[in-house]
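Here the structure comes first, spelled out in structure tokens, and everything after it is commentary.
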Amino acid sequence: MRIMITREQERKARQDKRFISKETQTAAKYLRSIDELSGAPDGMKPFLDTLNRIYVEMQGLNATQKTIGTYCVIAPQELIYAAGAVPVKLCSGNYTAFFVGDDIAPRDACPLVKAVAGFKNTGLMPVYEDCSLMIVPVTCDCKKKIAGMLSEQCEVMTMHIPTSKGDDEIDEFVSQLYDMAARLEDITGNQVTYDSLAEAFRITGRAQYELSEFIRLKKGNPYLIRGTHAMTIMNAAAYMPAEQWADALHSVNDSLKNKEKSGRLVTNKKLPRILLTGSPIVFPNMKIPLLIEEMGGIVAGDETCMGERGLYDPPVITDDSFDGMMRALANRSLRPCPCPTFADNSQRIYRLKQLIKDNDIQGVIYHVLRGCLVYDFEYKRIEEELGQLGIPVIRLESDYNEEDVEQLRIRIEAFIELIKLKQEPEKRKTGRRYL
Amino acid sequence: MKIKKKIIIAALSCAVLGTIAYFAYVFPFYEFEQNDYDTSLDKILSLDYLKTLAPLFIIIGLSAIGIVTTVCLRKQMLKKDKTYSRFAGREKSGNAPKQKPVPFMVIRWIMMIGFGFMMIWGGLIFGLKMSSVSIPILSCPWNTEQMTESSCYYLSHLNELFELPIKSILLFFGSTLLFIVLLGRTICGFLCPMGLIQDIMDKIRQKTKTEGISANEKLYSTLTPIKWAMLLIFIGLCFVGGNFCNFCPAVAVSPILAGMSTSLYVSGFLMIFVLIGGFFKRRLFCNICPLGYLIGLFHKISLFRIQKDCTACTECGACYEACPMGIKQIYTERNKTNVTDSNCIMCGECVKCCPEDKALSLTCAGINLYTSSRKDIMSGYTPKKK
């Protein structure tokens, strides 16, 4: 009997070892490709270091406070900071964990959820293990079931996300935020007060301020920074305390301003400007943005929830009281959110149109994770709407493995060639003028 | 069933309102032995002034009592509620991030205070040079010393209007219409003393960090029939033998402050309602103001507009939360550039709260007066220099 148990343990240890080595290898590989990409602004190091620490060195957050895991940007970070804890976004893009989760979750579940299940099952990832509480806003069926799975191993709080954004829904969500604050208080032992919430607003507000500066700089000149780098920065925000992240982003902004002044752009060539939208792109699943840049395009904008969308909208306090701030949070979380979990999501189309206008986008790549139904549903309408603007759209379905890289490469290459073909005459005209 | 119930309640409240308005003079709030409409600067500086101010003190005192009891009652009610009770009564000494004052808002406050001052003591100090001009404003014309005439008196006493000489009628309509076209409901947001009082109440609430009533469609939909009833009373009361002035809350402010001893009837009670309501819900009375509604009818030809860049809007709803008039289409509109509503009082609150660059702007005859900008919104969050 004992022999059996030790054998079992040995097998588990071997499995764990294999998992760790594979996990660190993939993460290190993608970090290297991002690092090797030309035209990175100065000050990228803290972001890469953070991702390296979490995924390659496999360390926790190194925070003295308790960490609270969230699975969606709808759960407001401000409340977590107000309770004296640090939020960490746990949506995962990990291939190795995906393979583990593949056996646990049903076949048609989305890879993001499978990866989360995998991480939690192996119990090896410190970021996941350190969490005192996981907050899972139920934005789709997969999230709902993963909440149930996670609750077997750790504290989980689910949040009900309404399907529309009327006044009653906002009121209902406010009371959920109160519940969330109460739960956070129980776990951290700190009180959420007017003062601590105001301080939390300042902390995240500063990060949002830096982000809006960053977006403004990017908007002005699409060749100032590669979208892959921007996405790396946004992904690192998941594992960095907001203050630290804002500091790091501040130095990136400074370097971007210098670059703009001196005219040192990523490239002098006119690369096709691509907008990436659809299912979240989470490190290390960076194959699509990397492929776009590799194939001679530039990711000029992204509309994904691990990207700029997550932090973009600031909470606006219209009523200076504790309840008013809670309402501001609820309002910010729901109303501007172009998440396909809402029944009527036509505002996503407007958001896309605005991004296209602001960033001078030439083509849209619509990323769909296999099994991510809500995003897949919206593709048709967006294709139609953007088709009227004359913007080509392509739907790329991918999974968390590297088997489809070649296929993706061919499709992205063809798409970029198509855009180049379209912009050719204009380019020649300007060329002649300069001659 | 629910709708039926709502209609009955609305109809009942309108009927009650109408009856109160008709019999307004039967309910004296504060009666002087003799109403004295003579005033002078000397009187204001003498001790007699305090005597005329007595009803005002009573109103302020009663409103304060009303506000405090409401807050206490709410606390009691919240004690039973599990979700909210644990957060109640905690210390709030700090400050929430607040954006730096923008020129538009500063000008608005200066205008409101300055004009409010002129409408009360203007005539006493500067003389009645503009008294033949009528502005559609809810500033009591019983105060004969105000700088300009208010149209509200003749609009609510139409039978008296047509007994005037034709020149006066023309002057009345001419100046009223001119102001409506030129300014529209900007009058409500910039000039009206009733608006000033309510804005001050709102400022007090924000300073004391008391929770208010949040924007809710249901509240506004119940206010709409009341607004129409008010309009009916405002215009029709003179024909059935009533006097709107006994009912109008504005009577309780300017004549008294100008040093006139004025007996108050239902208007005194209403003023308490205006103050308490304005404390918890910004500009509650403006939502049912009959004169404001009349001006609002002409919003399509007025020069002031709220313009929206629909592609820049993210539908974050901050404008709706901030709007004291509960105008929802300002954030749901996705096609038109002109989002001016008949209820809009041009207070600029939506533009102030809009986090998107150039998404909302307040224009006058095509000239941009105030444009939303993310930088302004984030100015409260800018890092402190270490």
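Ordering of the structure tokens sets the chain letters (A, B, ...); residue numbers start at 1 within each chain; ligands are numbered from 1 in the order shown.
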
What's around Phe173 in chain B at 9 Å? Count only C-alpha atoms, leave out sequence neighbours fewer than 5 positions away in its own chain, and write the answer as an MDAnalysis selection string. chainID B and resid 134 151 168 178

Compile the contact shell of range 268-278 of chain A as a ChimeraX atom specification: residues with an atom at most 8 Å away, counting only C-alpha atoms, same-chain residues fewer than 2 positions apart removed. /A:222,265-266,280,289,296-304,356,360-368,375,416,419-420

Which residue of B:Gly259, B:Thr176, B:Phe104, B:Phe280 approaches Ser46 in chain B most closely, using only C-alpha atoms: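 Selected residue with least distance to Ser46 in chain B: B:Gly259.
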
So how many Å separate CA of Phe87 in chain B and CA of Arg283 in chain B, to one decimal?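 Between CA of Phe87 in chain B and CA of Arg283 in chain B the gap works out to 27.6 Å.
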
Residues of chain B within 7 Å of chain A, counting only C-alpha atoms, what are they? List them as a ChimeraX atom specification. /B:83-84,90,92-97,206,209-211,216-217,311-312,314-318,321-322,353,378,381-383

Using the chain letters and numbers from this document, which residues of range 185-429 of chain A does DSSP assign to alpha helix (DSSP H), as an MDAnalysis selection string? chainID A and resid 185:188 194:220 227:236 242:262 287:294 308:312 322:334 347:359 373:388 405:429

Within 8 Å of Cys354 in chain B using only C-alpha atoms, minus same-chain residues under 5 positions, as a ChimeraX atom specification: /B:318-319,359-360,372-374,377

Show which residues sit within 7 Å of Met157 in chain A, as JSON, numbers by chain. Count only C-alpha atoms, and ignore same-chain residues fewer than 6 positions away. {"A": [134, 135, 136]}

Dump of N, CA and C atoms for the selected residues, as a PDB file, in the first residue's frame:
```
ATOM      1  N   MET A 134     -10.983  34.713  -4.667  1.00  0.00           N
ATOM      2  CA  MET A 134     -11.069  34.904  -6.109  1.00  0.00           C
ATOM      3  C   MET A 134     -12.448  35.442  -6.435  1.00  0.00           C
ATOM      4  N   ILE A 135     -12.480  36.515  -7.204  1.00  0.00           N
ATOM      5  CA  ILE A 135     -13.753  37.114  -7.567  1.00  0.00           C
ATOM      6  C   ILE A 135     -14.034  36.768  -9.025  1.00  0.00           C
ATOM      7  N   VAL A 136     -15.116  36.071  -9.251  1.00  0.00           N
ATOM      8  CA  VAL A 136     -15.448  35.634 -10.608  1.00  0.00           C
ATOM      9  C   VAL A 136     -16.754  36.279 -11.049  1.00  0.00           C
TER      10      VAL A 136
END
```

Would you list the contacts of range 30-38 of chain B as a count of residues only, taking every protein, DNA or RNA residue within 6 Å and counting only C-alpha atoms, but skipping same-chain residues closer than 2 positions in sequence? 6

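CA of Leu79 in chain A to CA of Lys144 in chain A spans 21.9 Å [interatomic distance, one decimal].
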